[in-house]
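Engineer: The structure follows.
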Amino acid sequence: MRKEAVVLATVTTVAVVAVLVRQYSLKKQRQWKQTQRILRKFARESATPVPKLWEVANALVSDMQASLVSQEETSTLNMLVSYAASLPKGDEKGLYYGLNLRGTNFLILCARLGGRNEPISDLYRKEISIPPNVLSGTSQELFDYIAVELAKFVSEHPPDDTLDAPEREKKLGFTVSYPVDQAAASSGSAIKWKSFSANDTVEKALINDINRALEKHGLKFRVFSLVDDTVGNLAGGRYYNNGIVASVTLAMGSNAAYVEPNEAVPKWQGPMPSSNSGELVINTEWGNFNCSNLPVTEFDSSLDSESSNPGCRIFEKLTSAMYLGEIVRRVLLKMAQETALFGDVVPPKLATPYQLRSPDMAAMHQDTSEDHGVVGEKLKENLGITNSTPMVREVVAEVCDIVAERGARLAGAGIVGIIKKLGRIESRKSVVTVEGGLYEHYRVFRNYLHSSVWEMLGSDHSDNVVIEHSHGGSGAGAVFLAACQNTKSF
């Protein structure tokens with residue numbers, strides 16, 4: 001009797017365990033199906049088929065035209081006329097110095113230009129952090145600090161006494177990279193960060209401050225203009241290729257600059273450039289572009305509403321390195337919360353904003369190993385996730401792919417929009433130079449951008465648009481601006 005009872009208890013236990021196992025299995029199946037539903041919905045809402053890309057490009061063209069005509073805020077684009085009065089012709093020679101001011105640091109460069117068909121040489125660059133007390137001080141204190149560091153740099157890399165005429169005042173190219181670091185852009189910063197136009201009285205005051213600091217510290221340099229780094233990249237491109245019509249930055253920020261015929265800018269009431277080129281350099285500030293055709297999802301909306309600038313820089317939040325990794329994190333967080341993708345407990349780091357950087361996203365996305373081992377390493381390293389399976393890592397890679405493809409294709413649509421605005425799609429070859437880590441280091445992103453342009457233009461016109469990586473690296477545009485600046489700008 002006792003033996004029969006033991007057997008019965010054993011059978012019952014086995015049955016209960018079997019039921020529990022089945023329930024657990026069914027639960028995991030439901031969770032996995034929900035994961036797939038979230039993934040498919042996100043992919044569907046992020047899709048950028050060619051008709052959608054043309055809607056975005058056409059909306060961009062419309063905003064560009066509206067902003068160039070009126071000085072009032074009639075569109076999401078600022079379309080600032082740059083203070084760069086001329087662009088290089090390619091025959092400039094000599095040793096030139098440039099400075100690229102960023103959010104919490106600045107880059108000093110010098111290079112010797114050899115003229116047409118000759119490579120640049122003696123290229124030196126030094127990145128310098130700005131101390132917090134200087135960053136939170138006055139603009140004059142900041143420029144004094146920059147002048148001191150510039151003097152040290154020049155002593156290490158002096159101009160050629162014979163060829164570069166030291167007795168003459170030398171031009172210093174000065175570019176500004178719009179900071180995405182909230183601390184650098186805060187109201188207590190040394191400079192109220194913005195992009196400058198050619199008739200900007202604030203910019204002129206800052207230039208005077210810079211030149212006073214240079215003179216105070218015995219430097220025979222003079223700054224004639226502050227321009228956006230993207231304009232500097234355009235100048236660098238023009239030095240190598242006069243066929244370049246636009247420059248795009250795809251880094252922590254997103255922007256584009258291009259050249260317009262003077263007559264295409266009715267809103268500009270100031271004097272025309274002294275270069276007699278018949279062109280004005282336009283800083284589009286396309287990071288602020290927005291239209292109803294952009295494929296914005298719930299994750300983008302929540303990112304925007306929780307940002308320091310809600311409702312602003314929507315295009316940048318879809319296309320720049322500052323935000324791509326954060327979008328991926330938000331999608332994975334929803335999956336973790338609703339489908340237990342990474343276990344029953346949501347990893348604390350996954351709930352921390354901006355914990356996943358775009359370079360790590362790129363590494364996961366471009367992991368070609370069979371079990372996505374790099375994905376596993378990055379999840380552990382950045383988000384504290386130690387128990388991911390190959391199937392889970394595959395989902396993570398797919399989320400990265402969706403975000404990268406959308407961002408790259410939208411940037412491609414922006415490029416096509418600029419070429420269309422210039423009326424060059426069908427009849428003339430146009431070269432666009434691109435700068436920034438997303439384009440340079442994120443191979444899949446770069447390929448998606450190229451393919452979007454090819455798809456939009458088709459076989460008949462795709463050869464008319466050539467996209468190439470910029471020369472010299474980030475910040476180098478300041479050197480090329482120094483080479484072509486006139487003593488009288490606007």
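Residue names in the structure tokens use chain letters A, B, ... in the order shown, residue numbers from 1 in each chain, and ligand numbers from 1 in the order shown.
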List the neighbours of Phe315 of chain A out to 10 Å using only C-alpha atoms; skip same-chain residues closer than 6 positions along the sequence, and give me the result as number ranges by chain.
Structural biologist: A: 254-255, 285-291, 294, 296, 407, 410-411, 414
Engineer: Enumerate, as number ranges by chain, the complete set of residues in segment 154-385 of chain A that a backbone-based DSSP assignment places in strand (DSSP E).
Structural biologist: A: 170-176, 221-222, 227-228, 244-250, 254-261, 279-283
Engineer: What's around Thr352 of chain A at 12 Å? Count only C-alpha atoms, leave out sequence neighbours fewer than 2 positions away in its own chain, and write the answer as a compact mmCIF listing (two decimals) with C-alpha atoms, in the first residue's frame.
Structural biologist:
```txt
# COMPACT_ATOMS: atom_id res chain seq x y z
CA GLU A 326 19.38 56.16 -27.49
CA ARG A 329 17.93 51.63 -26.02
CA ARG A 330 14.32 52.82 -25.80
CA LEU A 332 14.98 47.40 -26.10
CA LEU A 333 13.64 48.85 -22.84
CA VAL A 346 14.65 44.83 -16.23
CA PRO A 347 18.40 45.57 -16.21
CA PRO A 348 18.87 48.90 -14.34
CA LYS A 349 21.36 50.27 -16.89
CA LEU A 350 18.88 49.64 -19.69
CA TYR A 354 21.90 57.62 -23.20
CA GLN A 355 23.57 54.55 -21.72
CA LEU A 356 24.00 53.07 -25.20
CA ARG A 357 26.27 55.10 -27.47
CA ASN A 382 27.13 48.91 -21.63
CA LEU A 383 23.85 47.64 -20.20
CA GLY A 384 24.89 45.01 -17.66
```
Engineer: For segment 363-367 of chain A, work out the shell of residues within 9 Å, counting only C-alpha atoms and skipping chain neighbours fewer than 5 positions away, then give it as a list in words.
Structural biologist: Ser358, His372, Gly373, Val374, Val375, Gly376, Glu377, Lys378, Leu379, Arg393, Val396, Ala397, Glu398, Val399, Cys400, Asp401, Ala404, Tyr442, Arg443 and Val444 of chain A
Engineer: For the residues selected in the previous step, produce a file with all heavy atoms as a short mmCIF file (atom, residue, chain, number, x, y, z; two decimals), in the first residue's frame.
Structural biologist:
```
data_model
loop_
_atom_site.label_atom_id
_atom_site.label_comp_id
_atom_site.auth_asym_id
_atom_site.auth_seq_id
_atom_site.Cartn_x
_atom_site.Cartn_y
_atom_site.Cartn_z
N SER A 358 26.14 55.44 -29.84
CA SER A 358 26.04 55.01 -31.24
C SER A 358 27.24 54.20 -31.71
O SER A 358 27.06 53.26 -32.50
CB SER A 358 25.83 56.23 -32.14
OG SER A 358 24.56 56.80 -31.89
N HIS A 372 26.50 36.16 -32.86
CA HIS A 372 26.48 37.59 -32.48
C HIS A 372 27.20 37.81 -31.16
O HIS A 372 26.68 38.45 -30.24
CB HIS A 372 25.03 38.09 -32.39
CG HIS A 372 24.33 38.16 -33.72
ND1 HIS A 372 24.62 39.12 -34.67
CD2 HIS A 372 23.37 37.37 -34.27
CE1 HIS A 372 23.85 38.93 -35.74
NE2 HIS A 372 23.10 37.87 -35.52
N GLY A 373 28.42 37.32 -31.11
CA GLY A 373 29.21 37.43 -29.88
C GLY A 373 29.51 38.87 -29.49
O GLY A 373 29.52 39.21 -28.31
N VAL A 374 29.75 39.74 -30.48
CA VAL A 374 30.03 41.15 -30.19
C VAL A 374 28.81 41.81 -29.56
O VAL A 374 28.93 42.63 -28.65
CB VAL A 374 30.46 41.90 -31.46
CG1 VAL A 374 30.62 43.40 -31.18
CG2 VAL A 374 31.76 41.33 -32.01
N VAL A 375 27.63 41.43 -30.05
CA VAL A 375 26.39 41.96 -29.46
C VAL A 375 26.33 41.61 -27.98
O VAL A 375 26.03 42.46 -27.13
CB VAL A 375 25.14 41.41 -30.19
CG1 VAL A 375 23.87 41.90 -29.50
CG2 VAL A 375 25.14 41.85 -31.65
N GLY A 376 26.64 40.35 -27.67
CA GLY A 376 26.64 39.92 -26.28
C GLY A 376 27.62 40.69 -25.43
O GLY A 376 27.32 41.09 -24.30
N GLU A 377 28.81 40.93 -25.98
CA GLU A 377 29.83 41.68 -25.24
C GLU A 377 29.39 43.11 -24.98
O GLU A 377 29.57 43.65 -23.87
CB GLU A 377 31.14 41.68 -26.04
CG GLU A 377 31.81 40.32 -26.15
CD GLU A 377 33.00 40.34 -27.09
OE1 GLU A 377 33.37 41.46 -27.53
OE2 GLU A 377 33.55 39.26 -27.38
N LYS A 378 28.80 43.76 -25.97
CA LYS A 378 28.38 45.15 -25.81
C LYS A 378 27.18 45.26 -24.86
O LYS A 378 27.07 46.23 -24.11
CB LYS A 378 28.02 45.74 -27.18
CG LYS A 378 29.23 45.93 -28.09
CD LYS A 378 30.23 46.91 -27.49
CE LYS A 378 31.43 47.12 -28.38
NZ LYS A 378 32.43 48.04 -27.76
N LEU A 379 26.28 44.29 -24.91
CA LEU A 379 25.15 44.29 -23.97
C LEU A 379 25.65 44.20 -22.54
O LEU A 379 25.16 44.90 -21.64
CB LEU A 379 24.19 43.14 -24.27
CG LEU A 379 23.36 43.24 -25.56
CD1 LEU A 379 22.55 41.96 -25.76
CD2 LEU A 379 22.45 44.46 -25.53
N ARG A 393 20.08 38.20 -29.08
CA ARG A 393 21.09 39.06 -29.70
C ARG A 393 20.73 39.36 -31.15
O ARG A 393 21.04 40.45 -31.66
CB ARG A 393 22.47 38.41 -29.59
CG ARG A 393 22.93 38.25 -28.13
CD ARG A 393 24.42 37.97 -28.04
NE ARG A 393 24.76 36.61 -28.43
CZ ARG A 393 24.83 35.57 -27.60
NH1 ARG A 393 24.55 35.73 -26.32
NH2 ARG A 393 25.20 34.38 -28.04
N VAL A 396 18.34 42.25 -31.05
CA VAL A 396 19.06 43.50 -30.81
C VAL A 396 19.69 44.01 -32.10
O VAL A 396 19.60 45.20 -32.42
CB VAL A 396 20.14 43.30 -29.73
CG1 VAL A 396 21.01 44.54 -29.60
CG2 VAL A 396 19.50 42.95 -28.39
N ALA A 397 20.31 43.10 -32.86
CA ALA A 397 20.93 43.50 -34.12
C ALA A 397 19.89 44.03 -35.11
O ALA A 397 20.15 44.99 -35.84
CB ALA A 397 21.68 42.31 -34.73
N GLU A 398 18.70 43.44 -35.10
CA GLU A 398 17.63 43.89 -36.00
C GLU A 398 17.15 45.29 -35.62
O GLU A 398 16.87 46.11 -36.50
CB GLU A 398 16.46 42.90 -35.98
CG GLU A 398 16.75 41.59 -36.68
CD GLU A 398 15.52 40.69 -36.74
OE1 GLU A 398 14.44 41.18 -37.10
OE2 GLU A 398 15.65 39.50 -36.40
N VAL A 399 17.05 45.57 -34.32
CA VAL A 399 16.66 46.92 -33.88
C VAL A 399 17.70 47.93 -34.35
O VAL A 399 17.35 49.01 -34.86
CB VAL A 399 16.50 46.97 -32.35
CG1 VAL A 399 16.25 48.41 -31.90
CG2 VAL A 399 15.35 46.08 -31.90
N CYS A 400 18.96 47.60 -34.20
CA CYS A 400 20.03 48.49 -34.66
C CYS A 400 19.92 48.74 -36.16
O CYS A 400 20.10 49.87 -36.64
CB CYS A 400 21.41 47.88 -34.35
SG CYS A 400 21.81 47.76 -32.60
N ASP A 401 19.60 47.70 -36.90
CA ASP A 401 19.49 47.82 -38.35
C ASP A 401 18.35 48.76 -38.74
O ASP A 401 18.50 49.60 -39.64
CB ASP A 401 19.26 46.44 -38.97
CG ASP A 401 19.25 46.48 -40.49
OD1 ASP A 401 20.32 46.77 -41.08
OD2 ASP A 401 18.17 46.26 -41.09
N ALA A 404 19.44 52.43 -37.89
CA ALA A 404 20.50 52.92 -38.77
C ALA A 404 20.00 53.13 -40.19
O ALA A 404 20.32 54.14 -40.83
CB ALA A 404 21.67 51.93 -38.77
N TYR A 442 30.89 53.99 -39.66
CA TYR A 442 29.72 53.10 -39.60
C TYR A 442 29.42 52.64 -41.02
O TYR A 442 28.64 53.24 -41.74
CB TYR A 442 28.54 53.86 -38.99
CG TYR A 442 27.41 53.02 -38.44
CD1 TYR A 442 26.51 53.56 -37.53
CD2 TYR A 442 27.21 51.70 -38.84
CE1 TYR A 442 25.46 52.82 -37.01
CE2 TYR A 442 26.16 50.94 -38.34
CZ TYR A 442 25.28 51.52 -37.42
OH TYR A 442 24.23 50.79 -36.92
N ARG A 443 30.07 51.56 -41.43
CA ARG A 443 30.00 51.10 -42.82
C ARG A 443 28.59 50.85 -43.30
O ARG A 443 28.21 51.26 -44.41
CB ARG A 443 30.85 49.82 -42.98
CG ARG A 443 30.73 49.12 -44.31
CD ARG A 443 31.56 47.85 -44.33
NE ARG A 443 31.41 47.06 -43.13
CZ ARG A 443 30.37 46.23 -42.89
NH1 ARG A 443 29.40 46.11 -43.80
NH2 ARG A 443 30.32 45.52 -41.78
N VAL A 444 27.77 50.17 -42.50
CA VAL A 444 26.40 49.85 -42.92
C VAL A 444 25.58 51.12 -43.08
O VAL A 444 24.80 51.26 -44.03
CB VAL A 444 25.73 48.89 -41.91
CG1 VAL A 444 24.29 48.59 -42.32
CG2 VAL A 444 26.52 47.60 -41.81
#
```
Engineer: From a DSSP pass on the backbone, collect the residues of segment 274-322 of chain A flagged as helix (DSSP H, G or I) and hand them back as a list in words.
Structural biologist: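 Taking segment 274-322 of chain A and keeping helix (DSSP H, G or I) only, one gets Trp286, Gly287, Asn288, Glu298, Phe299, Asp300, Ser301, Ser302, Leu303, Asp304, Ser305, Ile314, Phe315, Glu316, Lys317, Leu318, Thr319, Ala321 and Met322 of chain A.
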Engineer: If I take atom CA of Leu113 of chain A and atom CA of Leu95 of chain A, how far is one from the other in Å, to one decimal?
Structural biologist: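 Spanning atom CA of Leu113 of chain A to atom CA of Leu95 of chain A is a straight-line distance of 6.3 Å.
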Engineer: Name the residues in contact with segment 239-249 of chain A at a cut-off of 9 Å, using only C-alpha atoms, excluding same-chain residues fewer than 2 positions from it; report them as a VMD selection string.
Structural biologist: chain A and resid 87 to 92 115 to 117 229 to 237 251 to 260 320 411 415 418 to 419 429 to 436 439 470 to 471 480
Engineer: How many Å separate atom CA of Gly94 of chain A from atom CA of Leu250 of chain A?
Structural biologist: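 Here the two named atoms are 29.9 Å from each other.
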Engineer: Please determine, counting only C-alpha atoms, which residue among A:Gly218, A:Gly437, A:Gly173, A:Pro132 has the shortest atom-to-atom distance to Ala483 of chain A.
Structural biologist: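 Comparing A:Gly218, A:Gly437, A:Gly173, A:Pro132 against Ala483 of chain A, the winner is A:Gly173.
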Engineer: Near Gly98 of chain A, within 6 Å and counting only C-alpha atoms, which residues show up once chain neighbours fewer than 6 positions away are dropped, as an MDAnalysis selection string?
Structural biologist: chainID A and resid 108:109 172:174 478:479
Engineer: Of the residues A:Val265, A:Asn133, A:Asp344, A:Leu123, which is the one nearest to Ile282 of chain A, using only C-alpha atoms?
Structural biologist: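 Looking at the shortest contact to Ile282 of chain A, the residue is A:Val265.
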Engineer: Identify, on the basis of only C-alpha atoms, every residue whose closest approach to Lys220 of chain A does not exceed 12 Å; exclude the query and any residue fewer than 4 positions from it along the same chain; express the result as a PyMOL selection string.
Structural biologist: chain A and resi 97+147+150-151+154+158-159+165-172+211-216
